[in-house]
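Engineer: Pasting in a structure now, in structure tokens, and then I'll have a few things to ask.
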Amino acid sequence: EAFANIGEPIEVTPELLEKCGFKEDKQIMDDETQWVIYPTSGWLKIRYNTTIKAAYMLIQSGLTSNIKYLHQLQNLFYSLTGEEIELHL
């Protein structure tokens, strides 16, 4: 109950990806765009589906992970790169 009023998670959107330093890479399909960022350890790509409002991450090893909220993106990014995402609100 102590944490009940802390707030809601922030959903990942194309606008949020841009504020985190990702750049739109290309259109994959009509409802899906690809975003890329280049940390010092290589590259990370996010595909965002506008129909279902969900994202998933692609990394060089071929692994993927579903991402719905900002904290998931931040945690996964840090786990994979050892770097913090610079969020520019």
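Labels used: A, B, ... for chains in the order of the structure tokens, numbers from 1 for residues in each chain, and numbers from 1 for ligands as shown.
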Could you pull the residues within 7 Å of segment 31-43 of chain A, counting only C-alpha atoms, minus those fewer than 5 positions along the same chain, as a compact mmCIF listing (two decimals) with all heavy atoms, in the first residue's frame?

Structural biologist:
# COMPACT_ATOMS: atom_id res chain seq x y z
N GLY A 21 17.57 8.98 -27.50
CA GLY A 21 18.74 8.98 -28.37
C GLY A 21 18.67 8.03 -29.55
O GLY A 21 19.60 7.94 -30.35
N PHE A 22 17.56 7.27 -29.68
CA PHE A 22 17.40 6.40 -30.84
C PHE A 22 17.06 7.24 -32.07
O PHE A 22 16.40 8.27 -31.96
CB PHE A 22 16.27 5.38 -30.59
CG PHE A 22 16.64 4.27 -29.66
CD1 PHE A 22 16.57 4.43 -28.29
CD2 PHE A 22 17.05 3.05 -30.16
CE1 PHE A 22 16.91 3.41 -27.42
CE2 PHE A 22 17.38 2.00 -29.31
CZ PHE A 22 17.31 2.19 -27.94
N LYS A 23 17.51 6.81 -33.21
CA LYS A 23 17.21 7.47 -34.48
C LYS A 23 16.36 6.53 -35.32
O LYS A 23 16.62 5.32 -35.38
CB LYS A 23 18.48 7.80 -35.25
CG LYS A 23 19.47 8.64 -34.48
CD LYS A 23 18.97 10.05 -34.30
CE LYS A 23 20.01 10.88 -33.58
NZ LYS A 23 19.47 11.97 -32.84
N GLU A 24 15.34 7.09 -35.99
CA GLU A 24 14.53 6.24 -36.86
C GLU A 24 15.40 5.76 -38.02
O GLU A 24 16.04 6.55 -38.70
CB GLU A 24 13.31 7.00 -37.39
CG GLU A 24 12.35 6.10 -38.11
CD GLU A 24 11.02 6.76 -38.44
OE1 GLU A 24 10.82 7.94 -38.10
OE2 GLU A 24 10.19 6.09 -39.05
N ASP A 25 15.44 4.46 -38.20
CA ASP A 25 16.32 3.83 -39.17
C ASP A 25 15.59 3.61 -40.50
O ASP A 25 16.07 4.01 -41.54
CB ASP A 25 16.83 2.50 -38.61
CG ASP A 25 17.89 1.85 -39.46
OD1 ASP A 25 18.63 2.56 -40.15
OD2 ASP A 25 17.98 0.61 -39.43
N LYS A 26 14.44 2.97 -40.43
CA LYS A 26 13.68 2.72 -41.66
C LYS A 26 12.29 2.19 -41.31
O LYS A 26 12.03 1.76 -40.20
CB LYS A 26 14.40 1.74 -42.56
CG LYS A 26 14.67 0.39 -41.94
CD LYS A 26 15.47 -0.49 -42.89
CE LYS A 26 15.96 -1.73 -42.17
NZ LYS A 26 16.75 -2.59 -43.02
N TYR A 48 9.20 -0.84 -33.47
CA TYR A 48 7.99 -0.37 -32.81
C TYR A 48 6.80 -0.60 -33.72
O TYR A 48 6.80 -0.17 -34.88
CB TYR A 48 8.10 1.12 -32.46
CG TYR A 48 6.88 1.61 -31.70
CD1 TYR A 48 6.81 1.43 -30.33
CD2 TYR A 48 5.82 2.19 -32.36
CE1 TYR A 48 5.68 1.83 -29.63
CE2 TYR A 48 4.69 2.60 -31.68
CZ TYR A 48 4.63 2.42 -30.31
OH TYR A 48 3.51 2.81 -29.62
N ASN A 49 5.78 -1.29 -33.21
CA ASN A 49 4.57 -1.57 -33.98
C ASN A 49 3.48 -0.60 -33.54
O ASN A 49 3.06 -0.62 -32.39
CB ASN A 49 4.14 -3.02 -33.74
CG ASN A 49 2.99 -3.42 -34.63
OD1 ASN A 49 1.93 -2.82 -34.55
ND2 ASN A 49 3.20 -4.41 -35.45
N THR A 50 3.04 0.25 -34.47
CA THR A 50 2.05 1.27 -34.14
C THR A 50 0.65 0.70 -33.95
O THR A 50 -0.17 1.31 -33.27
CB THR A 50 2.00 2.36 -35.23
OG1 THR A 50 1.74 1.75 -36.48
CG2 THR A 50 3.31 3.13 -35.28
N THR A 51 0.37 -0.45 -34.53
CA THR A 51 -0.96 -1.04 -34.40
C THR A 51 -1.20 -1.56 -32.99
O THR A 51 -2.23 -1.28 -32.38
CB THR A 51 -1.14 -2.20 -35.41
OG1 THR A 51 -0.95 -1.68 -36.72
CG2 THR A 51 -2.53 -2.81 -35.31
N ILE A 59 19.29 -7.22 -30.93
CA ILE A 59 20.70 -6.96 -30.66
C ILE A 59 21.55 -7.82 -31.57
O ILE A 59 21.05 -8.74 -32.23
CB ILE A 59 21.06 -7.19 -29.18
CG1 ILE A 59 20.75 -8.62 -28.76
CG2 ILE A 59 20.35 -6.20 -28.29
CD1 ILE A 59 21.20 -8.96 -27.37
N GLN A 60 22.83 -7.54 -31.64
CA GLN A 60 23.70 -8.20 -32.60
C GLN A 60 23.70 -9.72 -32.47
O GLN A 60 23.89 -10.42 -33.44
CB GLN A 60 25.13 -7.67 -32.47
CG GLN A 60 25.25 -6.28 -33.05
CD GLN A 60 26.58 -5.65 -32.75
OE1 GLN A 60 27.08 -5.72 -31.65
NE2 GLN A 60 27.16 -5.02 -33.77
N THR A 81 24.60 -3.10 -22.29
CA THR A 81 25.70 -2.20 -22.67
C THR A 81 26.54 -1.71 -21.50
O THR A 81 27.65 -1.23 -21.71
CB THR A 81 25.16 -0.96 -23.41
OG1 THR A 81 24.41 -0.17 -22.49
CG2 THR A 81 24.31 -1.34 -24.60

Engineer: With only C-alpha atoms as the counted atoms, please give the residues lying no more than 9 Å from Tyr56 of chain A, apart from itself and same-chain residues fewer than 2 positions off, as a ChimeraX atom specification.

Structural biologist: /A:45-49,54,58,64-68

Engineer: Would you mind exporting N, CA and C atoms of the selected residues as a PDB file, in the first residue's frame?

Structural biologist:
ATOM      1  N   LYS A  45      18.827  -2.230 -31.839  1.00  0.00           N
ATOM      2  CA  LYS A  45      17.700  -1.783 -32.661  1.00  0.00           C
ATOM      3  C   LYS A  45      16.398  -2.114 -31.943  1.00  0.00           C
ATOM      4  N   ILE A  46      15.466  -1.205 -32.080  1.00  0.00           N
ATOM      5  CA  ILE A  46      14.117  -1.382 -31.545  1.00  0.00           C
ATOM      6  C   ILE A  46      13.161  -1.339 -32.731  1.00  0.00           C
ATOM      7  N   ARG A  47      12.264  -2.278 -32.781  1.00  0.00           N
ATOM      8  CA  ARG A  47      11.172  -2.190 -33.756  1.00  0.00           C
ATOM      9  C   ARG A  47       9.909  -1.852 -32.981  1.00  0.00           C
ATOM     10  N   TYR A  48       9.205  -0.840 -33.475  1.00  0.00           N
ATOM     11  CA  TYR A  48       7.991  -0.369 -32.811  1.00  0.00           C
ATOM     12  C   TYR A  48       6.805  -0.599 -33.724  1.00  0.00           C
ATOM     13  N   ASN A  49       5.781  -1.286 -33.212  1.00  0.00           N
ATOM     14  CA  ASN A  49       4.574  -1.573 -33.976  1.00  0.00           C
ATOM     15  C   ASN A  49       3.482  -0.603 -33.544  1.00  0.00           C
ATOM     16  N   ALA A  54       3.538  -1.553 -29.274  1.00  0.00           N
ATOM     17  CA  ALA A  54       4.518  -2.351 -28.546  1.00  0.00           C
ATOM     18  C   ALA A  54       5.846  -2.320 -29.287  1.00  0.00           C
ATOM     19  N   LEU A  58      16.171  -5.691 -30.839  1.00  0.00           N
ATOM     20  CA  LEU A  58      17.041  -6.600 -31.577  1.00  0.00           C
ATOM     21  C   LEU A  58      18.468  -6.240 -31.207  1.00  0.00           C
ATOM     22  N   THR A  64      15.948 -11.192 -28.917  1.00  0.00           N
ATOM     23  CA  THR A  64      14.923 -10.151 -28.898  1.00  0.00           C
ATOM     24  C   THR A  64      14.272 -10.119 -27.526  1.00  0.00           C
ATOM     25  N   SER A  65      13.679  -8.995 -27.201  1.00  0.00           N
ATOM     26  CA  SER A  65      12.958  -8.849 -25.944  1.00  0.00           C
ATOM     27  C   SER A  65      11.817  -7.873 -26.146  1.00  0.00           C
ATOM     28  N   ASN A  66      10.624  -8.222 -25.664  1.00  0.00           N
ATOM     29  CA  ASN A  66       9.483  -7.315 -25.748  1.00  0.00           C
ATOM     30  C   ASN A  66       9.649  -6.192 -24.745  1.00  0.00           C
ATOM     31  N   ILE A  67       9.292  -4.991 -25.150  1.00  0.00           N
ATOM     32  CA  ILE A  67       9.442  -3.810 -24.299  1.00  0.00           C
ATOM     33  C   ILE A  67       8.167  -2.984 -24.400  1.00  0.00           C
ATOM     34  N   LYS A  68       7.553  -2.714 -23.273  1.00  0.00           N
ATOM     35  CA  LYS A  68       6.354  -1.889 -23.273  1.00  0.00           C
ATOM     36  C   LYS A  68       6.569  -0.577 -22.539  1.00  0.00           C
TER      37      LYS A  68
END

Engineer: To test your reading of the structure, identify every residue in chain A that backbone DSSP assigns to strand (DSSP E), and report it as a CSV table (one decimal) with all heavy atoms, in the first residue's frame.

Structural biologist:
chain,number,residue,atom,x,y,z
A,23,LYS,N,17.5,6.8,-33.2
A,23,LYS,CA,17.2,7.5,-34.5
A,23,LYS,C,16.4,6.5,-35.3
A,23,LYS,O,16.6,5.3,-35.4
A,23,LYS,CB,18.5,7.8,-35.3
A,23,LYS,CG,19.5,8.6,-34.5
A,23,LYS,CD,19.0,10.1,-34.3
A,23,LYS,CE,20.0,10.9,-33.6
A,23,LYS,NZ,19.5,12.0,-32.8
A,24,GLU,N,15.3,7.1,-36.0
A,24,GLU,CA,14.5,6.2,-36.9
A,24,GLU,C,15.4,5.8,-38.0
A,24,GLU,O,16.0,6.5,-38.7
A,24,GLU,CB,13.3,7.0,-37.4
A,24,GLU,CG,12.3,6.1,-38.1
A,24,GLU,CD,11.0,6.8,-38.4
A,24,GLU,OE1,10.8,7.9,-38.1
A,24,GLU,OE2,10.2,6.1,-39.0
A,25,ASP,N,15.4,4.5,-38.2
A,25,ASP,CA,16.3,3.8,-39.2
A,25,ASP,C,15.6,3.6,-40.5
A,25,ASP,O,16.1,4.0,-41.5
A,25,ASP,CB,16.8,2.5,-38.6
A,25,ASP,CG,17.9,1.8,-39.5
A,25,ASP,OD1,18.6,2.6,-40.1
A,25,ASP,OD2,18.0,0.6,-39.4
A,26,LYS,N,14.4,3.0,-40.4
A,26,LYS,CA,13.7,2.7,-41.7
A,26,LYS,C,12.3,2.2,-41.3
A,26,LYS,O,12.0,1.8,-40.2
A,26,LYS,CB,14.4,1.7,-42.6
A,26,LYS,CG,14.7,0.4,-41.9
A,26,LYS,CD,15.5,-0.5,-42.9
A,26,LYS,CE,16.0,-1.7,-42.2
A,26,LYS,NZ,16.7,-2.6,-43.0
A,27,GLN,N,11.4,2.2,-42.3
A,27,GLN,CA,10.1,1.7,-42.2
A,27,GLN,C,10.2,0.2,-42.6
A,27,GLN,O,10.7,-0.2,-43.6
A,27,GLN,CB,9.2,2.4,-43.1
A,27,GLN,CG,7.7,2.0,-43.0
A,27,GLN,CD,7.0,2.7,-41.9
A,27,GLN,OE1,7.5,3.7,-41.4
A,27,GLN,NE2,5.9,2.1,-41.5
A,28,ILE,N,9.8,-0.7,-41.7
A,28,ILE,CA,9.8,-2.1,-42.0
A,28,ILE,C,8.6,-2.5,-42.7
A,28,ILE,O,8.6,-3.2,-43.7
A,28,ILE,CB,9.9,-2.9,-40.7
A,28,ILE,CG1,11.2,-2.5,-39.9
A,28,ILE,CG2,10.0,-4.4,-40.9
A,28,ILE,CD1,12.5,-2.7,-40.6
A,29,MET,N,7.4,-2.2,-42.2
A,29,MET,CA,6.1,-2.4,-42.8
A,29,MET,C,5.3,-1.2,-42.5
A,29,MET,O,5.7,-0.3,-41.9
A,29,MET,CB,5.4,-3.6,-42.2
A,29,MET,CG,6.2,-4.9,-42.4
A,29,MET,SD,5.4,-6.4,-41.7
A,29,MET,CE,5.7,-6.2,-40.0
A,32,GLU,N,5.1,-0.7,-38.8
A,32,GLU,CA,6.3,-1.0,-38.0
A,32,GLU,C,7.5,-0.1,-38.4
A,32,GLU,O,7.8,-0.1,-39.6
A,32,GLU,CB,6.6,-2.5,-38.0
A,32,GLU,CG,7.5,-2.9,-36.9
A,32,GLU,CD,7.5,-4.4,-36.8
A,32,GLU,OE1,6.6,-5.0,-36.2
A,32,GLU,OE2,8.5,-5.0,-37.4
A,33,THR,N,8.1,0.5,-37.5
A,33,THR,CA,9.3,1.3,-37.8
A,33,THR,C,10.5,0.8,-37.0
A,33,THR,O,10.3,0.1,-35.9
A,33,THR,CB,9.1,2.8,-37.4
A,33,THR,OG1,8.7,2.9,-36.0
A,33,THR,CG2,8.1,3.5,-38.3
A,34,GLN,N,11.7,1.0,-37.5
A,34,GLN,CA,12.9,0.5,-36.8
A,34,GLN,C,13.7,1.7,-36.3
A,34,GLN,O,13.8,2.7,-37.0
A,34,GLN,CB,13.7,-0.3,-37.7
A,34,GLN,CG,14.9,-0.9,-37.1
A,34,GLN,CD,15.5,-2.0,-37.9
A,34,GLN,OE1,15.0,-3.1,-37.9
A,34,GLN,NE2,16.6,-1.7,-38.7
A,35,TRP,N,14.2,1.6,-35.1
A,35,TRP,CA,14.9,2.7,-34.4
A,35,TRP,C,16.3,2.1,-34.0
A,35,TRP,O,16.4,0.9,-33.6
A,35,TRP,CB,14.2,3.2,-33.2
A,35,TRP,CG,12.9,3.8,-33.6
A,35,TRP,CD1,11.7,3.2,-33.9
A,35,TRP,CD2,12.6,5.2,-33.7
A,35,TRP,NE1,10.8,4.1,-34.2
A,35,TRP,CE2,11.3,5.3,-34.1
A,35,TRP,CE3,13.4,6.3,-33.5
A,35,TRP,CZ2,10.7,6.6,-34.3
A,35,TRP,CZ3,12.8,7.6,-33.6
A,35,TRP,CH2,11.4,7.7,-34.0
A,36,VAL,N,17.3,2.8,-34.1
A,36,VAL,CA,18.7,2.3,-33.8
A,36,VAL,C,19.4,3.3,-32.9
A,36,VAL,O,19.2,4.5,-33.0
A,36,VAL,CB,19.5,2.0,-35.1
A,36,VAL,CG1,19.7,3.3,-35.9
A,36,VAL,CG2,20.7,1.3,-34.9
A,37,ILE,N,20.3,2.8,-32.1
A,37,ILE,CA,21.2,3.6,-31.3
A,37,ILE,C,22.5,2.8,-31.3
A,37,ILE,O,22.6,1.6,-31.4
A,37,ILE,CB,20.7,3.7,-29.8
A,37,ILE,CG1,21.4,4.8,-29.1
A,37,ILE,CG2,20.6,2.4,-29.1
A,37,ILE,CD1,20.8,5.3,-27.8
A,44,LEU,N,22.1,-1.4,-31.0
A,44,LEU,CA,20.8,-1.9,-30.6
A,44,LEU,C,19.7,-1.4,-31.4
A,44,LEU,O,19.7,-0.2,-31.8
A,44,LEU,CB,20.5,-1.5,-29.1
A,44,LEU,CG,21.5,-2.1,-28.1
A,44,LEU,CD1,21.2,-1.4,-26.7
A,44,LEU,CD2,21.4,-3.5,-27.9
A,45,LYS,N,18.8,-2.2,-31.8
A,45,LYS,CA,17.7,-1.8,-32.7
A,45,LYS,C,16.4,-2.1,-31.9
A,45,LYS,O,16.3,-3.1,-31.3
A,45,LYS,CB,17.7,-2.5,-34.0
A,45,LYS,CG,18.9,-2.0,-34.9
A,45,LYS,CD,18.8,-2.6,-36.3
A,45,LYS,CE,20.1,-2.1,-37.1
A,45,LYS,NZ,20.0,-2.7,-38.4
A,46,ILE,N,15.5,-1.2,-32.1
A,46,ILE,CA,14.1,-1.4,-31.5
A,46,ILE,C,13.2,-1.3,-32.7
A,46,ILE,O,13.3,-0.5,-33.6
A,46,ILE,CB,13.7,-0.2,-30.6
A,46,ILE,CG1,14.7,-0.2,-29.4
A,46,ILE,CG2,12.3,-0.3,-30.2
A,46,ILE,CD1,14.3,-1.1,-28.3
A,47,ARG,N,12.3,-2.3,-32.8
A,47,ARG,CA,11.2,-2.2,-33.8
A,47,ARG,C,9.9,-1.9,-33.0
A,47,ARG,O,9.6,-2.5,-32.0
A,47,ARG,CB,11.0,-3.5,-34.5
A,47,ARG,CG,12.2,-3.7,-35.5
A,47,ARG,CD,11.9,-4.7,-36.5
A,47,ARG,NE,13.0,-4.8,-37.4
A,47,ARG,CZ,13.2,-5.9,-38.2
A,47,ARG,NH1,12.4,-6.9,-38.2
A,47,ARG,NH2,14.3,-5.9,-38.9
A,48,TYR,N,9.2,-0.8,-33.5
A,48,TYR,CA,8.0,-0.4,-32.8
A,48,TYR,C,6.8,-0.6,-33.7
A,48,TYR,O,6.8,-0.2,-34.9
A,48,TYR,CB,8.1,1.1,-32.5
A,48,TYR,CG,6.9,1.6,-31.7
A,48,TYR,CD1,6.8,1.4,-30.3
A,48,TYR,CD2,5.8,2.2,-32.4
A,48,TYR,CE1,5.7,1.8,-29.6
A,48,TYR,CE2,4.7,2.6,-31.7
A,48,TYR,CZ,4.6,2.4,-30.3
A,48,TYR,OH,3.5,2.8,-29.6
A,49,ASN,N,5.8,-1.3,-33.2
A,49,ASN,CA,4.6,-1.6,-34.0
A,49,ASN,C,3.5,-0.6,-33.5
A,49,ASN,O,3.1,-0.6,-32.4
A,49,ASN,CB,4.1,-3.0,-33.7
A,49,ASN,CG,3.0,-3.4,-34.6
A,49,ASN,OD1,1.9,-2.8,-34.6
A,49,ASN,ND2,3.2,-4.4,-35.5
A,54,ALA,N,3.5,-1.6,-29.3
A,54,ALA,CA,4.5,-2.4,-28.5
A,54,ALA,C,5.8,-2.3,-29.3
A,54,ALA,O,5.9,-2.1,-30.5
A,54,ALA,CB,4.0,-3.8,-28.4
A,55,ALA,N,6.9,-2.5,-28.5
A,55,ALA,CA,8.2,-2.5,-29.1
A,55,ALA,C,9.0,-3.8,-28.7
A,55,ALA,O,8.6,-4.5,-27.8
A,55,ALA,CB,9.0,-1.3,-28.6
A,56,TYR,N,10.0,-4.1,-29.5
A,56,TYR,CA,10.9,-5.2,-29.1
A,56,TYR,C,12.3,-4.9,-29.6
A,56,TYR,O,12.5,-4.1,-30.5
A,56,TYR,CB,10.4,-6.6,-29.7
A,56,TYR,CG,10.3,-6.7,-31.1
A,56,TYR,CD1,11.3,-7.2,-31.9
A,56,TYR,CD2,9.1,-6.3,-31.8
A,56,TYR,CE1,11.1,-7.3,-33.3
A,56,TYR,CE2,8.9,-6.4,-33.1
A,56,TYR,CZ,9.9,-6.9,-33.9
A,56,TYR,OH,9.8,-7.1,-35.3
A,57,MET,N,13.3,-5.4,-28.9
A,57,MET,CA,14.6,-5.0,-29.1
A,57,MET,C,15.4,-6.1,-29.9
A,57,MET,O,15.2,-7.3,-29.6
A,57,MET,CB,15.4,-4.8,-27.8
A,57,MET,CG,16.8,-4.3,-27.9
A,57,MET,SD,17.6,-3.9,-26.4
A,57,MET,CE,16.9,-2.3,-26.1
A,58,LEU,N,16.2,-5.7,-30.8
A,58,LEU,CA,17.0,-6.6,-31.6
A,58,LEU,C,18.5,-6.2,-31.2
A,58,LEU,O,18.8,-5.1,-31.2
A,58,LEU,CB,16.9,-6.4,-33.1
A,58,LEU,CG,15.5,-6.5,-33.6
A,58,LEU,CD1,15.4,-6.0,-35.1
A,58,LEU,CD2,15.0,-7.9,-33.5
A,59,ILE,N,19.3,-7.2,-30.9
A,59,ILE,CA,20.7,-7.0,-30.7
A,59,ILE,C,21.5,-7.8,-31.6
A,59,ILE,O,21.1,-8.7,-32.2
A,59,ILE,CB,21.1,-7.2,-29.2
A,59,ILE,CG1,20.8,-8.6,-28.8
A,59,ILE,CG2,20.3,-6.2,-28.3
A,59,ILE,CD1,21.2,-9.0,-27.4
A,64,THR,N,15.9,-11.2,-28.9
A,64,THR,CA,14.9,-10.2,-28.9
A,64,THR,C,14.3,-10.1,-27.5
A,64,THR,O,14.3,-11.1,-26.8
A,64,THR,CB,13.8,-10.4,-30.0
A,64,THR,OG1,13.1,-11.6,-29.6
A,64,THR,CG2,14.4,-10.5,-31.3
A,65,SER,N,13.7,-9.0,-27.2
A,65,SER,CA,13.0,-8.8,-25.9
A,65,SER,C,11.8,-7.9,-26.1
A,65,SER,O,12.0,-6.8,-26.7
A,65,SER,CB,13.9,-8.3,-24.9
A,65,SER,OG,13.2,-8.2,-23.6
A,66,ASN,N,10.6,-8.2,-25.7
A,66,ASN,CA,9.5,-7.3,-25.7
A,66,ASN,C,9.6,-6.2,-24.7
A,66,ASN,O,10.1,-6.4,-23.6
A,66,ASN,CB,8.2,-8.1,-25.5
A,66,ASN,CG,7.9,-9.0,-26.6
A,66,ASN,OD1,8.2,-8.9,-27.7
A,66,ASN,ND2,7.2,-10.1,-26.2
A,67,ILE,N,9.3,-5.0,-25.2
A,67,ILE,CA,9.4,-3.8,-24.3
A,67,ILE,C,8.2,-3.0,-24.4
A,67,ILE,O,7.8,-2.6,-25.5
A,67,ILE,CB,10.6,-2.9,-24.8
A,67,ILE,CG1,11.9,-3.8,-24.8
A,67,ILE,CG2,10.8,-1.7,-23.9
A,67,ILE,CD1,13.0,-3.2,-25.5

Engineer: For a quick check of understanding, using only C-alpha atoms, which of A:Leu89, A:Leu73, A:Lys53, A:Asp30 has the smallest distance to Pro14 of chain A?

Structural biologist: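 Looking at the shortest contact to Pro14 of chain A, the residue is A:Lys53.
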
Engineer: As a list of chain:residue names, which residues of chain A does DSSP assign to helix (DSSP H, G or I)?

Structural biologist: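 Matching residues for helix (DSSP H, G or I) in chain A are A:Pro14, A:Glu15, A:Leu16, A:Leu17, A:Glu18, A:Lys19, A:Leu70, A:His71, A:Gln72, A:Leu73, A:Gln74, A:Asn75, A:Leu76, A:Phe77, A:Tyr78, A:Ser79, A:Leu80, A:Thr81.
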
Engineer: Using atom CA of Ile10 of chain A and atom CA of Leu70 of chain A as the two end points, give the distance in Å to one decimal.

Structural biologist: 5.4 Å

Engineer: Could you jot down the atom CA of Ile85 of chain A to atom CA of Tyr69 of chain A separation for me, Å, one decimal place?

Structural biologist: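 Computing it gives 13.7 Å between the two atoms.
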